[in-house]
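Novice: Structure file my_file.cif (mmCIF, C-alpha atoms and all ligand atoms) right here:
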data_structure
loop_
_atom_site.label_atom_id
_atom_site.label_comp_id
_atom_site.auth_asym_id
_atom_site.auth_seq_id
_atom_site.Cartn_x
_atom_site.Cartn_y
_atom_site.Cartn_z
CA MET O 1 3.53 -17.94 -11.72
CA ALA O 2 4.51 -17.06 -15.28
CA GLU O 3 8.00 -17.93 -16.50
CA GLY O 4 8.71 -14.21 -17.06
CA ASP O 5 8.25 -13.55 -13.36
CA PHE O 6 11.69 -14.87 -12.56
CA LEU O 7 13.55 -13.81 -15.68
CA GLU O 8 16.79 -12.25 -14.58
CA MET O 9 19.17 -10.04 -16.36
CA ALA O 10 22.55 -11.44 -17.33
CA THR O 11 25.15 -8.72 -17.19
CA THR O 12 28.86 -8.37 -16.83
CA THR O 13 28.61 -5.17 -14.77
CA LEU O 14 31.12 -5.54 -11.93
CA GLY O 15 31.44 -9.22 -12.76
CA ILE O 16 27.96 -10.18 -11.58
CA THR O 17 26.47 -12.75 -13.92
CA ILE O 18 22.89 -12.91 -12.62
CA VAL O 19 21.27 -9.72 -11.42
CA PRO O 20 17.99 -10.12 -9.56
CA ARG O 21 15.17 -8.03 -10.93
CA HIS O 22 13.96 -6.94 -7.50
CA VAL O 23 16.17 -6.46 -4.44
CA ALA O 24 14.65 -5.47 -1.09
CA LEU O 25 16.72 -3.99 1.73
CA ILE O 26 16.02 -4.09 5.45
CA MET O 27 18.23 -1.18 6.47
CA ASP O 28 19.00 -2.16 10.06
CA GLY O 29 21.67 -1.26 12.59
CA ASN O 30 21.77 2.55 12.62
CA GLY O 31 21.39 2.72 16.40
CA ARG O 32 24.14 0.18 17.04
CA TRP O 33 26.45 1.97 14.59
CA ALA O 34 26.01 5.17 16.57
CA ALA O 35 26.27 3.49 19.98
CA ALA O 36 29.57 1.86 18.98
CA ARG O 37 30.95 5.38 18.42
CA GLY O 38 29.41 6.98 21.47
CA LEU O 39 27.11 9.04 19.22
CA PRO O 40 23.37 9.66 19.55
CA ARG O 41 21.10 7.30 17.58
CA PHE O 42 20.15 10.20 15.34
CA GLU O 43 23.68 10.32 13.97
CA GLY O 44 23.32 6.67 12.95
CA HIS O 45 20.11 7.48 11.10
CA ARG O 46 21.75 10.47 9.40
CA ARG O 47 24.62 8.30 8.20
CA GLY O 48 22.02 5.71 7.21
CA VAL O 49 20.59 8.15 4.66
CA GLU O 50 24.04 8.42 3.09
CA ALA O 51 24.17 4.63 2.85
CA LEU O 52 20.75 4.72 1.18
CA ARG O 53 22.11 7.11 -1.46
CA ARG O 54 25.00 4.72 -2.10
CA ALA O 55 22.58 1.81 -2.37
CA VAL O 56 20.43 3.61 -4.94
CA ARG O 57 23.47 4.57 -7.05
CA ALA O 58 24.79 1.00 -6.90
CA ALA O 59 21.39 -0.41 -7.89
CA ILE O 60 21.32 1.89 -10.92
CA GLU O 61 24.84 0.90 -11.90
CA LEU O 62 24.03 -2.80 -11.51
CA ARG O 63 20.90 -2.35 -13.58
CA ILE O 64 18.56 -3.68 -10.91
CA SER O 65 14.96 -2.90 -11.94
CA TYR O 66 13.30 -2.62 -8.52
CA LEU O 67 14.89 -1.62 -5.22
CA THR O 68 12.63 -1.68 -2.16
CA VAL O 69 13.88 -0.08 1.04
CA TYR O 70 12.33 -0.53 4.47
CA SER O 71 12.54 3.01 5.82
CA PHE O 72 10.01 3.01 8.65
CA SER O 73 7.83 0.17 9.93
CA ALA O 74 4.29 0.41 11.27
CA GLU O 75 5.82 -0.69 14.60
CA ASN O 76 8.55 1.98 14.59
CA TRP O 77 5.97 4.52 15.87
CA SER O 78 6.49 2.94 19.30
CA ARG O 79 10.05 4.31 19.50
CA PRO O 80 10.68 7.39 21.65
CA ARG O 81 8.98 10.50 20.30
CA GLU O 82 12.23 12.35 19.56
CA GLU O 83 13.58 9.41 17.55
CA VAL O 84 10.35 9.16 15.52
CA GLN O 85 10.54 12.91 14.88
CA SER O 86 14.14 12.70 13.72
CA LEU O 87 13.34 9.80 11.36
CA LEU O 88 10.43 11.76 9.87
CA GLY O 89 12.69 14.79 9.51
CA LEU O 90 15.27 12.72 7.64
CA LEU O 91 12.63 11.33 5.27
CA HIS O 92 11.46 14.87 4.67
CA ARG O 93 14.98 16.05 3.91
CA PHE O 94 15.78 13.01 1.78
CA ILE O 95 12.84 13.71 -0.52
CA ARG O 96 13.44 17.47 -0.52
CA ASN O 97 17.17 17.17 -1.31
CA ASP O 98 17.31 14.03 -3.42
CA LEU O 99 14.13 14.06 -5.49
CA SER O 100 15.60 16.12 -8.33
CA GLU O 101 18.70 13.91 -8.53
CA LEU O 102 16.53 10.78 -8.51
CA HIS O 103 14.39 12.31 -11.24
CA ASP O 104 17.48 13.24 -13.29
CA ASN O 105 18.59 9.63 -13.00
CA ASN O 106 15.28 8.41 -14.44
CA VAL O 107 14.29 6.82 -11.09
CA ARG O 108 10.60 6.18 -10.50
CA VAL O 109 9.65 6.49 -6.84
CA ARG O 110 6.85 4.40 -5.35
CA VAL O 111 5.71 4.40 -1.75
CA ILE O 112 4.15 1.42 0.02
CA GLY O 113 2.64 1.39 3.50
CA ALA O 114 -0.53 2.72 5.11
CA ARG O 115 -1.44 6.27 4.12
CA GLU O 116 -4.25 6.75 6.66
CA ASP O 117 -3.38 8.85 9.70
CA LEU O 118 -0.20 10.28 8.17
CA ALA O 119 0.39 13.99 8.74
CA PRO O 120 -0.77 15.98 5.67
CA GLU O 121 2.70 17.40 4.98
CA ILE O 122 4.27 13.92 4.91
CA LEU O 123 1.48 12.63 2.70
CA ALA O 124 1.96 15.55 0.31
CA LEU O 125 5.69 14.90 0.14
CA LEU O 126 5.24 11.20 -0.65
CA LYS O 127 2.67 11.99 -3.33
CA GLU O 128 4.95 14.61 -4.85
CA ALA O 129 7.83 12.12 -5.10
CA GLU O 130 5.56 9.64 -6.86
CA GLN O 131 3.95 12.15 -9.18
CA VAL O 132 7.14 13.92 -10.25
CA THR O 133 8.82 10.63 -11.18
CA ALA O 134 5.77 8.69 -12.42
CA ALA O 135 6.82 8.61 -16.07
CA ASN O 136 10.44 7.59 -15.42
CA THR O 137 11.59 4.30 -16.87
CA GLY O 138 14.80 3.48 -14.97
CA LEU O 139 15.12 2.00 -11.49
CA THR O 140 11.89 1.80 -9.51
CA LEU O 141 12.71 2.82 -5.94
CA VAL O 142 10.00 1.48 -3.66
CA VAL O 143 10.03 3.24 -0.30
CA ALA O 144 8.30 1.25 2.44
CA PHE O 145 7.14 3.90 4.88
CA ASN O 146 4.68 3.27 7.72
CA TYR O 147 4.74 -0.23 6.26
CA GLY O 148 3.58 -3.42 7.97
CA ALA O 149 2.97 -6.59 5.97
CA ARG O 150 0.28 -7.93 8.29
CA GLN O 151 -1.60 -4.62 8.10
CA GLU O 152 -1.22 -4.67 4.30
CA ILE O 153 -2.65 -8.19 4.07
CA ALA O 154 -5.49 -7.29 6.47
CA ALA O 155 -6.38 -4.28 4.29
CA ALA O 156 -6.49 -6.54 1.21
CA ALA O 157 -8.76 -8.97 3.08
CA ARG O 158 -11.02 -6.07 4.07
CA ALA O 159 -11.25 -4.83 0.48
CA LEU O 160 -12.20 -8.31 -0.73
CA ALA O 161 -14.73 -8.75 2.09
CA GLU O 162 -16.39 -5.47 1.08
CA MET O 163 -16.68 -6.66 -2.53
CA VAL O 164 -18.25 -9.91 -1.35
CA ALA O 165 -20.66 -8.02 0.93
CA GLU O 166 -21.69 -5.84 -2.01
CA GLY O 167 -22.23 -8.91 -4.19
CA ARG O 168 -19.44 -7.95 -6.61
CA LEU O 169 -17.26 -10.97 -5.84
CA ALA O 170 -17.98 -14.61 -4.95
CA PRO O 171 -15.94 -16.14 -2.08
CA HIS O 172 -14.66 -18.91 -4.37
CA GLU O 173 -13.05 -16.23 -6.57
CA ILE O 174 -10.68 -15.25 -3.76
CA ASP O 175 -7.33 -16.84 -4.61
CA ALA O 176 -3.68 -15.85 -4.18
CA ASP O 177 -3.78 -13.59 -7.25
CA ALA O 178 -6.87 -11.76 -5.91
CA ILE O 179 -4.99 -11.01 -2.69
CA SER O 180 -1.76 -10.00 -4.48
CA ALA O 181 -3.76 -7.60 -6.64
CA ARG O 182 -4.96 -5.74 -3.54
CA LEU O 183 -1.60 -5.32 -1.84
CA ASP O 184 0.33 -2.05 -2.08
CA THR O 185 2.75 -3.94 -4.34
CA ALA O 186 0.06 -5.04 -6.82
CA ASP O 187 2.01 -3.96 -9.90
CA ILE O 188 5.49 -4.70 -8.56
CA PRO O 189 7.11 -8.13 -9.05
CA ASP O 190 7.92 -10.11 -5.90
CA PRO O 191 11.39 -9.54 -4.44
CA ASP O 192 13.99 -12.01 -5.67
CA LEU O 193 16.49 -11.14 -2.96
CA ILE O 194 15.97 -9.67 0.50
CA ILE O 195 19.08 -8.33 2.21
CA ARG O 196 19.11 -7.42 5.91
CA THR O 197 22.06 -5.72 7.51
CA SER O 198 23.04 -5.72 11.22
CA GLY O 199 23.17 -9.50 11.59
CA GLU O 200 19.54 -9.84 12.68
CA GLN O 201 17.85 -12.72 10.89
CA ARG O 202 14.19 -11.80 10.81
CA LEU O 203 11.67 -10.05 8.55
CA SER O 204 10.16 -7.68 11.14
CA ASN O 205 6.80 -7.52 9.31
CA PHE O 206 8.38 -6.75 5.91
CA LEU O 207 6.87 -8.13 2.66
CA LEU O 208 5.60 -11.33 4.34
CA TRP O 209 3.34 -12.28 1.42
CA GLN O 210 5.69 -11.18 -1.36
CA ALA O 211 8.70 -12.98 0.17
CA ALA O 212 7.22 -16.45 -0.47
CA TYR O 213 10.08 -17.43 -2.81
CA ALA O 214 12.63 -14.74 -2.07
CA GLU O 215 16.24 -15.58 -1.30
CA PHE O 216 17.65 -14.10 1.91
CA VAL O 217 21.10 -12.71 2.57
CA PHE O 218 21.93 -11.51 6.08
CA LEU O 219 24.95 -9.25 6.23
CA PRO O 220 26.86 -8.73 9.49
CA ILE O 221 27.59 -5.07 8.72
CA LEU O 222 25.54 -2.20 10.16
CA TRP O 223 23.43 -0.20 7.72
CA PRO O 224 25.50 3.06 7.77
CA ASP O 225 28.46 0.98 6.50
CA PHE O 226 26.53 -0.39 3.52
CA ASP O 227 28.11 0.31 0.14
CA GLN O 228 28.38 -1.01 -3.39
CA ALA O 229 30.82 -3.75 -2.33
CA ALA O 230 28.29 -5.02 0.25
CA LEU O 231 25.56 -5.10 -2.39
CA VAL O 232 27.84 -6.89 -4.83
CA SER O 233 28.75 -9.50 -2.19
CA ALA O 234 25.03 -10.19 -1.59
CA LEU O 235 24.42 -10.46 -5.34
CA GLU O 236 27.32 -12.89 -5.66
CA GLU O 237 25.81 -15.09 -2.99
CA TYR O 238 22.42 -14.84 -4.70
CA ALA O 239 23.94 -15.92 -8.02
CA HIS O 240 24.95 -19.23 -6.44
CA ARG O 241 21.54 -20.02 -5.00
CA GLU O 242 19.34 -22.59 -6.71
CA ARG O 243 15.80 -21.30 -6.88
CA ARG O 244 13.33 -24.11 -7.46
CA PHE O 245 9.88 -22.63 -6.88
CA GLY O 246 8.68 -26.03 -5.71
CA ARG O 247 9.96 -27.82 -8.78
CA VAL O 248 12.64 -30.48 -9.12
CA GLU O 249 15.10 -28.21 -10.84
CA SER O 250 15.56 -24.48 -11.00
CA PRO O 251 13.96 -22.65 -13.95
CA ARG O 252 17.35 -20.92 -14.20
CA SER O 253 19.27 -24.16 -14.96
CA ALA O 254 16.41 -25.46 -17.11
CA LYS O 255 16.77 -22.32 -19.20
CA THR O 256 20.54 -22.69 -19.50
CA ALA O 257 20.17 -26.37 -20.49
CA SER O 258 17.66 -25.71 -23.24
C1 LIG U 301 17.33 0.97 11.31
O1 LIG U 301 18.22 1.08 12.37
C2 LIG U 301 16.49 2.20 11.10
C3 LIG U 301 15.07 2.03 11.43
C4 LIG U 301 14.54 0.95 11.94
C5 LIG U 301 14.19 3.14 11.15
P1 LIG U 301 17.77 0.90 13.88
O2 LIG U 301 17.32 2.21 14.41
O3 LIG U 301 16.77 -0.19 14.01
O4 LIG U 301 19.15 0.48 14.54
P2 LIG U 301 19.39 -0.64 15.63
O5 LIG U 301 18.73 -1.90 15.14
O6 LIG U 301 18.76 -0.15 16.89
O7 LIG U 301 20.86 -0.76 15.72
C1 LIG U 302 13.00 -3.11 10.84
O1 LIG U 302 13.97 -2.82 11.77
C2 LIG U 302 12.40 -1.82 10.29
C3 LIG U 302 13.28 -1.03 9.43
C4 LIG U 302 14.47 -1.37 9.04
C5 LIG U 302 12.72 0.22 8.98
P1 LIG U 302 13.68 -2.78 13.33
O2 LIG U 302 14.95 -2.43 13.97
O3 LIG U 302 12.51 -1.90 13.61
O4 LIG U 302 13.26 -4.28 13.63
P2 LIG U 302 13.31 -5.11 14.98
O5 LIG U 302 12.55 -4.33 16.01
O6 LIG U 302 14.75 -5.27 15.36
O7 LIG U 302 12.68 -6.44 14.64
MG MG U 303 16.88 -2.17 14.33
#
As structure tokens - that is how I would like this structure written.
Specialist:
Amino acid sequence: MAEGDFLEMATTTLGITIVPRHVALIMDGNGRWAAARGLPRFEGHRRGVEALRRAVRAAIELRISYLTVYSFSAENWSRPREEVQSLLGLLHRFIRNDLSELHDNNVRVRVIGAREDLAPEILALLKEAEQVTAANTGLTLVVAFNYGARQEIAAAARALAEMVAEGRLAPHEIDADAISARLDTADIPDPDLIIRTSGEQRLSNFLLWQAAYAEFVFLPILWPDFDQAALVSALEEYAHRERRFGRVESPRSAKTAS
């Protein structure tokens, strides 16, 4: 890993001294938020979209470079049909309503996750979001939709196996970089910080490969309650972590010392 891979921005915005380059969010707890209020799960998801808007604005303000959000997992298709439909409807509306504001804010949208078998209108919407914002240079908002890390790694293995079968690649050339280069995140740096709301402490098939050296912060709040203060609290905790990457001391303190 090159030194530049874990360069972080020092900023005084909102008092945070070390801002991770890439923050990933597991937006969990919409259903429980709704249940606690006697509301249908859909209402939790609807309020979850509002929390997502707050998260994007906060990431821009904090000058985070990459924000990845887990919006729908490959396994979420096994939820009841009506819930899946309502989640797809919300994604549809989010892109329809928010794309121009994202574009105005210089946000570049990227989508990760399997594209095969998606309904043509969803596929078109995702492509539109990427194409419209492709030249933007501000925050990169990575939307993980129909995303499963094991499926992503299996697809990379398949692509490499095909190259070997065609004689274009030798088995000994397959290393970690060769696999990284065939993931959906090929040109995106690994997440520095993964935040999960709702108190659950698991990855649920999110960025398994890319999370090798990520820091984790588990927040007890439910996703619809997420706001800038919650993000700042996670960043504050992150700033106190010592990242070593297998070494004796952290590249961060080595840099400060030199
Ligand atoms: C997160 O909230 C949204 C998605 C997974 C799409 P949940 O719907 O998982 O809410 P809980 O975990 O049941 O509370
Ligand atoms: C993970 O949450 C997926 C998203 C946040 C989109 P889940 O609610 O689906 O995860 P589990 O089932 O609790 O592990
Ligand atoms: Mg959940």
Novice: Work out how far apart CA of Ala154 in chain O and CA of Pro171 in chain O are and give it in Å to one decimal.
Specialist: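 According to the coordinates, CA of Ala154 in chain O and CA of Pro171 in chain O are separated by 16.1 Å.
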Novice: Using all atoms listed in the file, can you list as a count of residues only the residues within 7 Å of (-14.0, -13.2, 1.3)?
Specialist: 6
Novice: Compute the set of protein, DNA and RNA residues whose minimum atom distance to ligand LIG 302 (chain U) is at most 7 Å, using all atoms listed in the file, and state it as a PyMOL selection string.
Specialist: chain O and resi 26-29+70-73+75-76+202+204
Novice: Dump the neighbourhood of ligand LIG 301 (chain U) as a PDB file with C-alpha atoms, in the frame of the given file: all residues within 10 Å, distances computed on only C-alpha atoms and all ligand atoms.
Specialist:
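Writing the result to out28.pdb gives the following:
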ATOM      1  CA  ILE O  26      16.020  -4.090   5.450  1.00  0.00           C
ATOM      2  CA  MET O  27      18.230  -1.180   6.470  1.00  0.00           C
ATOM      3  CA  ASP O  28      19.000  -2.160  10.060  1.00  0.00           C
ATOM      4  CA  GLY O  29      21.670  -1.260  12.590  1.00  0.00           C
ATOM      5  CA  ASN O  30      21.770   2.550  12.620  1.00  0.00           C
ATOM      6  CA  GLY O  31      21.390   2.720  16.400  1.00  0.00           C
ATOM      7  CA  ARG O  32      24.140   0.180  17.040  1.00  0.00           C
ATOM      8  CA  TRP O  33      26.450   1.970  14.590  1.00  0.00           C
ATOM      9  CA  ALA O  34      26.010   5.170  16.570  1.00  0.00           C
ATOM     10  CA  ALA O  35      26.270   3.490  19.980  1.00  0.00           C
ATOM     11  CA  ALA O  36      29.570   1.860  18.980  1.00  0.00           C
ATOM     12  CA  ARG O  41      21.100   7.300  17.580  1.00  0.00           C
ATOM     13  CA  PHE O  42      20.150  10.200  15.340  1.00  0.00           C
ATOM     14  CA  GLY O  44      23.320   6.670  12.950  1.00  0.00           C
ATOM     15  CA  HIS O  45      20.110   7.480  11.100  1.00  0.00           C
ATOM     16  CA  ARG O  46      21.750  10.470   9.400  1.00  0.00           C
ATOM     17  CA  GLY O  48      22.020   5.710   7.210  1.00  0.00           C
ATOM     18  CA  VAL O  49      20.590   8.150   4.660  1.00  0.00           C
ATOM     19  CA  TYR O  70      12.330  -0.530   4.470  1.00  0.00           C
ATOM     20  CA  SER O  71      12.540   3.010   5.820  1.00  0.00           C
ATOM     21  CA  PHE O  72      10.010   3.010   8.650  1.00  0.00           C
ATOM     22  CA  SER O  73       7.830   0.170   9.930  1.00  0.00           C
ATOM     23  CA  GLU O  75       5.820  -0.690  14.600  1.00  0.00           C
ATOM     24  CA  ASN O  76       8.550   1.980  14.590  1.00  0.00           C
ATOM     25  CA  TRP O  77       5.970   4.520  15.870  1.00  0.00           C
ATOM     26  CA  ARG O  79      10.050   4.310  19.500  1.00  0.00           C
ATOM     27  CA  GLU O  83      13.580   9.410  17.550  1.00  0.00           C
ATOM     28  CA  VAL O  84      10.350   9.160  15.520  1.00  0.00           C
ATOM     29  CA  SER O  86      14.140  12.700  13.720  1.00  0.00           C
ATOM     30  CA  LEU O  87      13.340   9.800  11.360  1.00  0.00           C
ATOM     31  CA  LEU O  88      10.430  11.760   9.870  1.00  0.00           C
ATOM     32  CA  PHE O 145       7.140   3.900   4.880  1.00  0.00           C
ATOM     33  CA  THR O 197      22.060  -5.720   7.510  1.00  0.00           C
ATOM     34  CA  SER O 198      23.040  -5.720  11.220  1.00  0.00           C
ATOM     35  CA  GLY O 199      23.170  -9.500  11.590  1.00  0.00           C
ATOM     36  CA  GLU O 200      19.540  -9.840  12.680  1.00  0.00           C
ATOM     37  CA  SER O 204      10.160  -7.680  11.140  1.00  0.00           C
ATOM     38  CA  LEU O 222      25.540  -2.200  10.160  1.00  0.00           C
ATOM     39  CA  TRP O 223      23.430  -0.200   7.720  1.00  0.00           C
ATOM     40  CA  PRO O 224      25.500   3.060   7.770  1.00  0.00           C
TER      41      PRO O 224
END
Novice: Check the smallest atom-to-atom distance from each of O:Arg158, O:Arg243, O:Arg196, O:Arg47 to ligand MG 303 (chain U) using all atoms listed in the file, then report the winner.
Specialist: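 The closest residue to ligand MG 303 (chain U) is O:Arg196.
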